[in-house]
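structure36.pdb, holding PDB, C-alpha atoms and all ligand atoms:
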```
ATOM      1  CA  MET A   1       0.000   0.000   0.000
ATOM      2  CA  SER A   2       1.234   3.485  -0.856
ATOM      3  CA  THR A   3       2.374   5.709   1.933
ATOM      4  CA  VAL A   4       0.622   9.039   1.719
ATOM      5  CA  PRO A   5       2.824  11.992   2.715
ATOM      6  CA  THR A   6       1.566  14.323   5.428
ATOM      7  CA  LEU A   7       1.814  18.074   5.956
ATOM      8  CA  THR A   8       1.821  19.878   9.286
ATOM      9  CA  LEU A   9      -0.670  22.749   9.543
ATOM     10  CA  ASN A  10       0.183  26.032  11.269
ATOM     11  CA  ASN A  11      -1.298  24.841  14.579
ATOM     12  CA  GLY A  12       0.600  21.527  14.572
ATOM     13  CA  VAL A  13      -2.231  19.347  13.265
ATOM     14  CA  VAL A  14      -1.026  16.755  10.736
ATOM     15  CA  ILE A  15      -3.001  16.278   7.504
ATOM     16  CA  PRO A  16      -2.587  13.538   4.859
ATOM     17  CA  GLN A  17      -1.724  15.233   1.564
ATOM     18  CA  LEU A  18      -4.086  12.940  -0.370
ATOM     19  CA  GLY A  19      -7.723  12.398   0.572
ATOM     20  CA  PHE A  20     -11.080  11.484  -0.914
ATOM     21  CA  GLY A  21     -13.653  14.148  -1.882
ATOM     22  CA  VAL A  22     -17.384  13.501  -1.818
ATOM     23  CA  TYR A  23     -18.825  16.512  -3.652
ATOM     24  CA  GLN A  24     -21.592  15.278  -5.993
ATOM     25  CA  VAL A  25     -21.593  11.832  -4.430
ATOM     26  CA  ASP A  26     -25.254  10.916  -3.976
ATOM     27  CA  PRO A  27     -26.065  10.902  -0.236
ATOM     28  CA  ALA A  28     -27.471   7.372  -0.683
ATOM     29  CA  GLU A  29     -24.170   6.191  -2.179
ATOM     30  CA  THR A  30     -21.819   8.079   0.116
ATOM     31  CA  LYS A  31     -21.438   5.354   2.720
ATOM     32  CA  ASP A  32     -20.373   2.767   0.112
ATOM     33  CA  ALA A  33     -18.154   5.186  -1.832
ATOM     34  CA  THR A  34     -16.382   6.334   1.330
ATOM     35  CA  LEU A  35     -16.014   2.772   2.593
ATOM     36  CA  ALA A  36     -14.404   1.812  -0.720
ATOM     37  CA  ALA A  37     -11.939   4.688  -0.358
ATOM     38  CA  LEU A  38     -11.109   3.670   3.214
ATOM     39  CA  GLU A  39     -10.551   0.074   2.025
ATOM     40  CA  VAL A  40      -8.169   1.315  -0.665
ATOM     41  CA  GLY A  41      -6.214   3.154   2.043
ATOM     42  CA  TYR A  42      -7.445   6.762   2.057
ATOM     43  CA  ARG A  43      -7.458   8.238   5.583
ATOM     44  CA  HIS A  44      -8.703  11.733   4.773
ATOM     45  CA  ILE A  45     -12.269  12.566   3.700
ATOM     46  CA  ASP A  46     -13.454  15.973   2.476
ATOM     47  CA  THR A  47     -17.185  16.629   2.845
ATOM     48  CA  ALA A  48     -19.420  19.666   3.449
ATOM     49  CA  GLU A  49     -22.846  20.478   4.806
ATOM     50  CA  MET A  50     -23.663  21.751   1.296
ATOM     51  CA  TYR A  51     -23.075  18.257  -0.178
ATOM     52  CA  GLY A  52     -25.841  16.757   1.986
ATOM     53  CA  ASN A  53     -23.764  13.637   2.607
ATOM     54  CA  GLU A  54     -21.969  14.134   5.928
ATOM     55  CA  ALA A  55     -24.127  11.367   7.458
ATOM     56  CA  GLY A  56     -22.893   8.843   4.863
ATOM     57  CA  VAL A  57     -19.288   9.761   5.617
ATOM     58  CA  GLY A  58     -19.909   9.183   9.330
ATOM     59  CA  GLU A  59     -21.599   5.842   8.640
ATOM     60  CA  ALA A  60     -18.678   4.682   6.514
ATOM     61  CA  ILE A  61     -16.145   5.608   9.179
ATOM     62  CA  ARG A  62     -18.051   3.676  11.825
ATOM     63  CA  ALA A  63     -18.602   0.689   9.515
ATOM     64  CA  SER A  64     -14.931   0.586   8.492
ATOM     65  CA  GLY A  65     -13.723  -0.551  11.890
ATOM     66  CA  ILE A  66     -10.871   1.947  11.562
ATOM     67  CA  ASP A  67     -10.275   4.034  14.652
ATOM     68  CA  ARG A  68     -11.746   7.533  14.244
ATOM     69  CA  SER A  69      -8.391   9.011  15.286
ATOM     70  CA  GLU A  70      -6.763   7.496  12.189
ATOM     71  CA  ILE A  71      -9.068   9.309   9.772
ATOM     72  CA  PHE A  72      -8.840  13.025   8.977
ATOM     73  CA  VAL A  73     -12.310  14.487   8.392
ATOM     74  CA  THR A  74     -13.016  17.929   6.965
ATOM     75  CA  SER A  75     -16.411  19.576   6.702
ATOM     76  CA  LYS A  76     -17.518  23.077   5.755
ATOM     77  CA  LEU A  77     -19.991  25.693   6.909
ATOM     78  CA  ASN A  78     -22.786  26.187   4.385
ATOM     79  CA  ASN A  79     -23.564  29.603   2.942
ATOM     80  CA  GLY A  80     -26.753  30.302   4.908
ATOM     81  CA  PHE A  81     -24.943  30.306   8.253
ATOM     82  CA  HIS A  82     -22.378  33.088   8.237
ATOM     83  CA  ARG A  83     -23.715  34.932  11.286
ATOM     84  CA  ARG A  84     -22.165  33.883  14.614
ATOM     85  CA  ASP A  85     -25.118  32.095  16.211
ATOM     86  CA  ASP A  86     -26.040  30.387  12.942
ATOM     87  CA  ALA A  87     -22.461  29.207  12.462
ATOM     88  CA  LEU A  88     -22.287  27.691  15.948
ATOM     89  CA  LYS A  89     -25.602  25.905  15.388
ATOM     90  CA  ALA A  90     -24.605  24.696  11.930
ATOM     91  CA  PHE A  91     -21.376  23.270  13.327
ATOM     92  CA  ASP A  92     -23.381  21.298  15.919
ATOM     93  CA  GLY A  93     -25.461  20.035  12.976
ATOM     94  CA  THR A  94     -22.344  18.846  11.187
ATOM     95  CA  LEU A  95     -21.203  16.855  14.228
ATOM     96  CA  ASP A  96     -24.723  15.398  14.585
ATOM     97  CA  GLU A  97     -24.692  14.277  10.948
ATOM     98  CA  LEU A  98     -21.224  12.749  11.252
ATOM     99  CA  LYS A  99     -22.113  11.302  14.680
ATOM    100  CA  SER A 100     -18.693  12.361  15.837
ATOM    101  CA  ASP A 101     -17.669  14.616  18.681
ATOM    102  CA  TYR A 102     -15.123  16.485  16.552
ATOM    103  CA  VAL A 103     -13.931  17.232  13.043
ATOM    104  CA  ASP A 104     -10.268  17.490  12.161
ATOM    105  CA  LEU A 105     -10.802  20.570  10.027
ATOM    106  CA  PHE A 106     -13.753  22.939   9.641
ATOM    107  CA  LEU A 107     -13.892  25.523   6.862
ATOM    108  CA  ILE A 108     -15.944  28.527   5.813
ATOM    109  CA  HIS A 109     -17.078  27.179   2.441
ATOM    110  CA  TRP A 110     -17.390  30.514   0.590
ATOM    111  CA  PRO A 111     -16.605  34.132   1.582
ATOM    112  CA  LEU A 112     -19.767  35.634  -0.026
ATOM    113  CA  PRO A 113     -18.085  39.074  -0.226
ATOM    114  CA  THR A 114     -20.934  40.747  -2.144
ATOM    115  CA  THR A 115     -23.664  39.787   0.345
ATOM    116  CA  ASP A 116     -24.724  41.428   3.611
ATOM    117  CA  VAL A 117     -22.919  38.868   5.794
ATOM    118  CA  ASP A 118     -19.333  39.363   6.914
ATOM    119  CA  TYR A 119     -16.888  36.461   6.809
ATOM    120  CA  VAL A 120     -14.851  38.125   9.591
ATOM    121  CA  GLU A 121     -17.789  37.564  11.963
ATOM    122  CA  THR A 122     -17.988  33.979  10.673
ATOM    123  CA  TRP A 123     -14.274  33.437  11.206
ATOM    124  CA  LYS A 124     -14.565  34.612  14.828
ATOM    125  CA  ALA A 125     -17.317  31.989  15.306
ATOM    126  CA  LEU A 126     -14.933  29.338  13.957
ATOM    127  CA  GLU A 127     -12.305  30.563  16.432
ATOM    128  CA  GLU A 128     -14.840  29.942  19.213
ATOM    129  CA  ILE A 129     -15.463  26.447  17.878
ATOM    130  CA  ALA A 130     -11.735  25.712  17.703
ATOM    131  CA  ALA A 131     -11.335  26.873  21.315
ATOM    132  CA  THR A 132     -13.717  24.076  22.404
ATOM    133  CA  GLY A 133     -11.476  21.460  20.752
ATOM    134  CA  ARG A 134     -14.342  20.164  18.601
ATOM    135  CA  ALA A 135     -12.545  21.328  15.448
ATOM    136  CA  LYS A 136      -8.870  20.418  15.636
ATOM    137  CA  ALA A 137      -8.090  23.025  12.993
ATOM    138  CA  ILE A 138     -10.069  25.735  11.187
ATOM    139  CA  GLY A 139      -9.649  27.204   7.755
ATOM    140  CA  VAL A 140     -11.375  28.765   4.804
ATOM    141  CA  SER A 141     -12.309  27.896   1.264
ATOM    142  CA  ASN A 142     -12.491  30.033  -1.846
ATOM    143  CA  PHE A 143     -10.855  33.004  -0.116
ATOM    144  CA  GLN A 144      -8.961  35.464  -2.307
ATOM    145  CA  PRO A 145      -5.871  37.270  -0.943
ATOM    146  CA  ALA A 146      -7.957  40.351  -0.029
ATOM    147  CA  HIS A 147     -10.312  38.182   2.035
ATOM    148  CA  LEU A 148      -7.404  36.432   3.761
ATOM    149  CA  GLN A 149      -5.750  39.781   4.463
ATOM    150  CA  ARG A 150      -8.849  40.953   6.327
ATOM    151  CA  LEU A 151      -8.727  37.867   8.559
ATOM    152  CA  LEU A 152      -5.029  38.502   9.233
ATOM    153  CA  ASP A 153      -5.695  42.166  10.068
ATOM    154  CA  GLU A 154      -8.892  41.810  12.086
ATOM    155  CA  THR A 155      -8.661  38.466  13.929
ATOM    156  CA  GLY A 156      -6.173  36.492  15.975
ATOM    157  CA  THR A 157      -6.008  33.215  14.053
ATOM    158  CA  VAL A 158      -4.358  32.527  10.705
ATOM    159  CA  PRO A 159      -6.440  29.983   8.737
ATOM    160  CA  ALA A 160      -4.754  26.565   8.646
ATOM    161  CA  VAL A 161      -5.786  26.012   5.027
ATOM    162  CA  ASN A 162      -7.405  27.746   2.084
ATOM    163  CA  GLN A 163      -9.262  25.285  -0.137
ATOM    164  CA  ILE A 164      -9.418  26.729  -3.659
ATOM    165  CA  GLU A 165      -9.899  25.592  -7.230
ATOM    166  CA  VAL A 166      -6.525  24.490  -8.656
ATOM    167  CA  HIS A 167      -5.722  22.294 -11.670
ATOM    168  CA  PRO A 168      -3.538  22.626 -14.772
ATOM    169  CA  TYR A 169      -6.042  24.959 -16.467
ATOM    170  CA  LEU A 170      -6.324  27.205 -13.362
ATOM    171  CA  VAL A 171      -3.038  27.085 -11.491
ATOM    172  CA  ASN A 172      -4.137  29.900  -9.147
ATOM    173  CA  ASP A 173      -0.539  30.702  -8.194
ATOM    174  CA  GLU A 174      -1.250  34.185  -6.846
ATOM    175  CA  VAL A 175      -3.601  32.839  -4.169
ATOM    176  CA  ARG A 176      -1.257  29.910  -3.462
ATOM    177  CA  ALA A 177       1.697  32.275  -3.031
ATOM    178  CA  PHE A 178      -0.236  34.414  -0.547
ATOM    179  CA  GLY A 179      -0.988  31.270   1.435
ATOM    180  CA  GLU A 180       2.613  30.126   1.387
ATOM    181  CA  GLN A 181       3.788  33.529   2.571
ATOM    182  CA  HIS A 182       1.451  33.377   5.581
ATOM    183  CA  GLY A 183       1.700  29.684   6.545
ATOM    184  CA  ILE A 184      -1.672  28.750   5.044
ATOM    185  CA  VAL A 185      -1.677  25.347   3.285
ATOM    186  CA  THR A 186      -3.416  25.298  -0.095
ATOM    187  CA  GLU A 187      -5.936  22.554  -0.715
ATOM    188  CA  ALA A 188      -6.644  22.143  -4.433
ATOM    189  CA  TRP A 189     -10.270  21.376  -5.228
ATOM    190  CA  SER A 190     -11.355  19.784  -8.534
ATOM    191  CA  PRO A 191      -7.723  18.651  -8.947
ATOM    192  CA  ILE A 192      -8.404  17.091 -12.363
ATOM    193  CA  ALA A 193     -10.926  19.823 -13.291
ATOM    194  CA  GLN A 194     -13.674  17.198 -13.070
ATOM    195  CA  GLY A 195     -11.994  15.314 -15.910
ATOM    196  CA  LYS A 196     -11.619  18.281 -18.275
ATOM    197  CA  VAL A 197      -7.802  18.160 -18.342
ATOM    198  CA  LEU A 198      -7.446  14.435 -18.958
ATOM    199  CA  ASP A 199      -7.114  14.544 -22.764
ATOM    200  CA  ASP A 200      -4.563  17.336 -22.755
ATOM    201  CA  PRO A 201      -1.666  16.532 -25.152
ATOM    202  CA  THR A 202       1.061  17.686 -22.731
ATOM    203  CA  LEU A 203      -0.340  15.473 -19.976
ATOM    204  CA  THR A 204      -0.778  12.600 -22.439
ATOM    205  CA  GLU A 205       2.850  12.836 -23.553
ATOM    206  CA  ILE A 206       4.132  12.806 -19.966
ATOM    207  CA  ALA A 207       1.735   9.999 -18.989
ATOM    208  CA  GLU A 208       2.951   7.775 -21.841
ATOM    209  CA  ARG A 209       6.561   8.467 -20.927
ATOM    210  CA  VAL A 210       6.193   7.677 -17.210
ATOM    211  CA  GLY A 211       3.715   4.821 -17.694
ATOM    212  CA  LYS A 212       0.886   6.389 -15.694
ATOM    213  CA  SER A 213      -2.555   7.805 -16.562
ATOM    214  CA  THR A 214      -3.108  11.511 -17.214
ATOM    215  CA  ALA A 215      -5.147  11.641 -13.986
ATOM    216  CA  GLN A 216      -2.191  10.251 -12.031
ATOM    217  CA  VAL A 217       0.233  12.678 -13.677
ATOM    218  CA  THR A 218      -2.054  15.596 -12.813
ATOM    219  CA  LEU A 219      -2.500  14.474  -9.222
ATOM    220  CA  ARG A 220       1.241  13.907  -8.867
ATOM    221  CA  TRP A 221       1.829  17.471 -10.157
ATOM    222  CA  HIS A 222      -0.312  18.776  -7.279
ATOM    223  CA  VAL A 223       1.557  16.633  -4.752
ATOM    224  CA  GLN A 224       4.947  17.887  -5.973
ATOM    225  CA  ARG A 225       3.698  21.491  -5.779
ATOM    226  CA  GLY A 226       2.931  20.841  -2.111
ATOM    227  CA  ASP A 227      -0.857  21.158  -2.185
ATOM    228  CA  VAL A 228      -3.375  18.889  -0.478
ATOM    229  CA  ILE A 229      -5.772  17.071  -2.851
ATOM    230  CA  PHE A 230      -8.881  14.894  -2.556
ATOM    231  CA  PRO A 231     -10.004  13.659  -5.969
ATOM    232  CA  LYS A 232     -13.563  12.360  -6.128
ATOM    233  CA  SER A 233     -14.634   9.147  -7.816
ATOM    234  CA  VAL A 234     -17.443   6.693  -7.357
ATOM    235  CA  THR A 235     -15.594   4.220  -9.612
ATOM    236  CA  ARG A 236     -13.522   1.725  -7.627
ATOM    237  CA  LYS A 237     -10.827   1.403 -10.306
ATOM    238  CA  ARG A 238     -10.331   5.176 -10.378
ATOM    239  CA  VAL A 239     -10.348   5.395  -6.583
ATOM    240  CA  GLU A 240      -7.424   2.941  -6.648
ATOM    241  CA  GLU A 241      -5.712   4.734  -9.546
ATOM    242  CA  ASN A 242      -5.941   8.110  -7.789
ATOM    243  CA  PHE A 243      -4.295   6.614  -4.699
ATOM    244  CA  ASP A 244      -1.386   5.170  -6.656
ATOM    245  CA  LEU A 245       0.782   8.280  -6.945
ATOM    246  CA  PHE A 246       3.846   7.552  -4.880
ATOM    247  CA  ASP A 247       6.005   5.224  -6.964
ATOM    248  CA  PHE A 248       6.975   7.752  -9.613
ATOM    249  CA  GLU A 249       8.163  11.331  -9.843
ATOM    250  CA  LEU A 250       7.786  14.123 -12.376
ATOM    251  CA  THR A 251      10.880  16.028 -13.422
ATOM    252  CA  ASP A 252      11.078  19.748 -12.692
ATOM    253  CA  ALA A 253      10.633  20.307 -16.439
ATOM    254  CA  ASP A 254       7.399  18.245 -16.400
ATOM    255  CA  VAL A 255       6.064  20.242 -13.432
ATOM    256  CA  THR A 256       6.905  23.488 -15.229
ATOM    257  CA  ALA A 257       5.286  22.291 -18.478
ATOM    258  CA  ILE A 258       2.067  21.348 -16.666
ATOM    259  CA  THR A 259       1.989  24.664 -14.800
ATOM    260  CA  ALA A 260       2.331  26.425 -18.170
ATOM    261  CA  LEU A 261      -0.990  24.910 -19.289
ATOM    262  CA  ASP A 262      -2.756  27.564 -17.180
ATOM    263  CA  LYS A 263      -5.603  29.319 -19.001
ATOM    264  CA  GLY A 264      -7.302  30.865 -16.001
ATOM    265  CA  GLU A 265     -10.247  28.568 -16.745
ATOM    266  CA  ARG A 266     -12.597  27.915 -13.829
ATOM    267  CA  THR A 267     -14.855  24.865 -13.569
ATOM    268  CA  GLY A 268     -16.669  26.428 -10.604
ATOM    269  CA  PRO A 269     -17.891  29.869  -9.536
ATOM    270  CA  ASP A 270     -15.742  32.980  -9.106
ATOM    271  CA  PRO A 271     -15.251  33.508  -5.338
ATOM    272  CA  ASP A 272     -15.340  37.298  -5.760
ATOM    273  CA  THR A 273     -18.909  37.233  -7.030
ATOM    274  CA  PHE A 274     -20.424  33.931  -5.865
ATOM    275  CA  ASP A 275     -23.413  34.840  -3.681
ATOM    276  CA  TYR A 276     -25.524  31.672  -3.595
ATOM    277  CA  ILE A 277     -27.341  31.255  -0.301
ATOM    278  CA  PRO A 278     -29.597  28.187   0.006
ATOM    279  CA  SER A 279     -33.156  29.104   1.045
TER     280      SER A 279
HETATM  281  P1  LIG B   1     -12.375  16.132  -9.466
HETATM  282  O1  LIG B   1     -11.404  17.024 -10.177
HETATM  283  O2  LIG B   1     -11.916  15.317  -8.327
HETATM  284  O3  LIG B   1     -13.033  15.192 -10.588
HETATM  285  C1  LIG B   1     -14.062  14.280 -10.305
HETATM  286  C2  LIG B   1     -14.600  13.746 -11.635
HETATM  287  O4  LIG B   1     -13.552  13.082 -12.362
HETATM  288  C3  LIG B   1     -15.704  12.732 -11.480
HETATM  289  O5  LIG B   1     -16.581  12.907 -12.586
HETATM  290  C4  LIG B   1     -14.990  11.384 -11.585
HETATM  291  O6  LIG B   1     -15.847  10.415 -12.156
HETATM  292  C5  LIG B   1     -13.857  11.716 -12.532
HETATM  293  N1  LIG B   1     -12.618  10.963 -12.223
HETATM  294  C6  LIG B   1     -12.039  10.816 -11.003
HETATM  295  N2  LIG B   1     -10.900  10.118 -11.087
HETATM  296  C7  LIG B   1     -10.731   9.823 -12.397
HETATM  297  C8  LIG B   1      -9.735   9.113 -13.106
HETATM  298  N3  LIG B   1      -8.689   8.568 -12.489
HETATM  299  N4  LIG B   1      -9.873   9.006 -14.468
HETATM  300  C9  LIG B   1     -10.915   9.569 -15.102
HETATM  301  N5  LIG B   1     -11.893  10.252 -14.464
HETATM  302  C10 LIG B   1     -11.810  10.375 -13.126
HETATM  303  O7  LIG B   1     -13.613  17.053  -9.088
HETATM  304  P2  LIG B   1     -14.413  17.464  -7.783
HETATM  305  O8  LIG B   1     -15.154  18.690  -8.166
HETATM  306  O9  LIG B   1     -15.182  16.349  -7.217
HETATM  307  O10 LIG B   1     -13.282  17.887  -6.732
HETATM  308  C11 LIG B   1     -12.725  17.015  -5.768
HETATM  309  C12 LIG B   1     -13.166  17.395  -4.376
HETATM  310  O11 LIG B   1     -12.845  18.764  -4.092
HETATM  311  C13 LIG B   1     -14.689  17.369  -4.167
HETATM  312  O12 LIG B   1     -15.207  16.059  -4.091
HETATM  313  C14 LIG B   1     -14.811  18.184  -2.905
HETATM  314  O13 LIG B   1     -14.427  17.408  -1.785
HETATM  315  C15 LIG B   1     -13.809  19.293  -3.181
HETATM  316  N6  LIG B   1     -14.448  20.489  -3.772
HETATM  317  C16 LIG B   1     -14.521  21.615  -2.997
HETATM  318  C17 LIG B   1     -15.107  22.768  -3.477
HETATM  319  C18 LIG B   1     -15.145  23.973  -2.613
HETATM  320  O14 LIG B   1     -15.818  24.957  -2.976
HETATM  321  N7  LIG B   1     -14.479  23.984  -1.484
HETATM  322  C19 LIG B   1     -15.694  22.834  -4.823
HETATM  323  C20 LIG B   1     -15.543  21.608  -5.572
HETATM  324  C21 LIG B   1     -14.923  20.492  -5.055
HETATM  325  P3  LIG B   1     -16.562   9.206 -11.344
HETATM  326  O15 LIG B   1     -16.900   9.682  -9.971
HETATM  327  O16 LIG B   1     -17.775   8.923 -12.191
HETATM  328  O17 LIG B   1     -15.585   8.060 -11.349
END
```

Please render this file's structure as structure tokens.
Ligand code: NDP
Amino acid sequence: MSTVPTLTLNNGVVIPQLGFGVYQVDPAETKDATLAALEVGYRHIDTAEMYGNEAGVGEAIRASGIDRSEIFVTSKLNNGFHRRDDALKAFDGTLDELKSDYVDLFLIHWPLPTTDVDYVETWKALEEIAATGRAKAIGVSNFQPAHLQRLLDETGTVPAVNQIEVHPYLVNDEVRAFGEQHGIVTEAWSPIAQGKVLDDPTLTEIAERVGKSTAQVTLRWHVQRGDVIFPKSVTRKRVEENFDLFDFELTDADVTAITALDKGERTGPDPDTFDYIPS
């Protein structure tokens, strides 16, 4: 079995660099999909209240027989709950769904900078949660440097991670560099751009040369850049493939060539304007 490297977050918490994401996994299938990932060897699961499948993740963890302490679980605060009291209540809801008394990492899912809620207030609520020990680490998702700067200026805790869209067609290096400068680990969501990069000729050439798939080459590129990733798949063969990244290495020239594929092309919303709040 591959050994997944770990990173140490700015508060000392250790996170596996490779995990399993469950966005768009049907809540009814989440238990089985997560169990399959745990069987393959994944020990890091990325879910969110917005995905509606935290309960399935919790069921899989309990059914796996693996000690809870060996699995790193992240969840995220949904967009309707940015005010302090709502955030505290929503966090309790997340623990209820997971049937766990803690999460390893809890994130603000989106900053919603154009709405009438203020992510600084939300961040202070997450600081309160962290102080109770029920979130071992706290962080943010989809924060741009200006949003992060406000947290640095106006609060006492530097986010442990910023989970943002990163893949070869959106390398997002400006946001990553800001994180690196301030000790914030970047987590790269949609690491294979939901499959959109997989037929790219540059990736295909490298994949043929190293004897791996284009998905594996892309995921390995993220690992060598130092980001945390959690590819999603409900297909057992792909779940195994995405875990098999640690017996080969890309050259510096390969990493540079993949980074040069950047087209600033998002698969998801723009964090500066995204204002979706579920009713
Ligand atoms: P990914 O980039 O992980 O791509 C998932 C898609 O690619 C699925 O359609 C899957 O198909 C397919 N796939 C997976 N592995 C392979 C492979 N080896 N070969 C070919 N196709 C493959 O996209 P996601 O958007 O799911 O991102 C990953 C995770 O990031 C999410 O699950 C979530 O945890 C997180 N995320 C966070 C966001 C945020 O705002 N914070 C936003 C979006 C994602 P199939 O399942 O059918 O096998």

Exercise for the section: Produce as a PyMOL selection string the set of residues near ligand LIG 1 (chain B), where near means within 7 Å with only C-alpha atoms and all ligand atoms considered. Expected result: chain A and resi 20-24+46-47+109-110+141-142+163-165+189-195+215-216+230-235+238-239+241-242+268

Problem - Å distance separating atom CA of Lys76 of chain A from atom CA of Phe106 of chain A, one decimal place - result: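 Interatomic distance here is 5.4 Å.
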
Exercise for the section: Using atom CA of Gly156 of chain A and atom CA of Ile15 of chain A as the two end points, give the distance in Å to one decimal. Expected result: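 Atom-to-atom, atom CA of Gly156 of chain A and atom CA of Ile15 of chain A are spaced 22.1 Å apart.
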
Problem - Counting all atoms listed in the file, the option among A:Gly183, A:Gly58, A:Gly52, A:Gly12 closest to Lys31 of chain A - result: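 For Lys31 of chain A, the nearest of the given residues is A:Gly58.
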
Problem - Residues returned when the PyMOL selection byres (((chain A and resi 111) around 12) and not hetatm) runs on this file, as a PyMOL selection string - result: chain A and resi 76-82+107-110+112-123+139-148+150-151+162-164+269-277

Problem - Picked residues, the PyMOL selection byres (((chain A and resi 202) around 12) and not hetatm), as a ChimeraX atom specification - result: /A:168-169,197-201,203-209,214,217-218,253-262

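The two atoms in question, atom CA of Ser279 of chain A and atom CA of Val103 of chain A, are spaced 25.6 Å apart.
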
Exercise for the section: Within 7 Å of Pro5 of chain A, counting only C-alpha atoms, which residues show up once you throw out same-chain ones fewer than 2 positions away? Write them as a list in words, please. Expected result: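 These residues fall inside the cut-off: Thr3, Leu7, Pro16 and Gln17 of chain A.
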
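Considering the residues A:Val161, A:Val25, A:Ala137, A:Ala60 and counting all atoms listed in the file, Phe178 of chain A has its shortest atom-to-atom contact with A:Val161.
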
Exercise for the section: Name the closest residue to Gly264 of chain A among the candidates A:Thr186, A:Thr74, A:Asn172, A:Thr34; distances are taken between atoms, counting only C-alpha atoms. Expected result: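 The shortest atom-to-atom distance to Gly264 of chain A comes from A:Asn172.
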
Problem - Shell of 10 Å around Ile129 of chain A, only C-alpha atoms, local chain residues under 6 positions omitted, as a list in words - result: Ala87, Leu88, Phe91, Asp92, Phe106, Trp123, Ala135, Lys136, Ala137 and Ile138 of chain A

Problem - Residue among A:Ile66, A:Glu29, A:Arg134, A:Val40 lying closest to Lys237 of chain A, counting only C-alpha atoms - result: A:Val40

Practice task
Give as a PyMOL selection string the residues that the PyMOL selection byres (((chain A and resi 69) around 12) and not hetatm) matches when applied to the coordinates above.
Solution key: chain A and resi 14-15+43-44+61-62+65-68+70-73+100-104+136

Step by step, gather every atom of segment 49-68 of chain A that the file lists, find the box along x, y and z that holds them, add 5 Å on each side, and finally give centre and edge lengths in Å to one decimal, as AutoDock Vina command-line options.
```
--center_x -18.1 --center_y 10.6 --center_z 7.2 --size_x 25.6 --size_y 32.3 --size_z 24.8
```
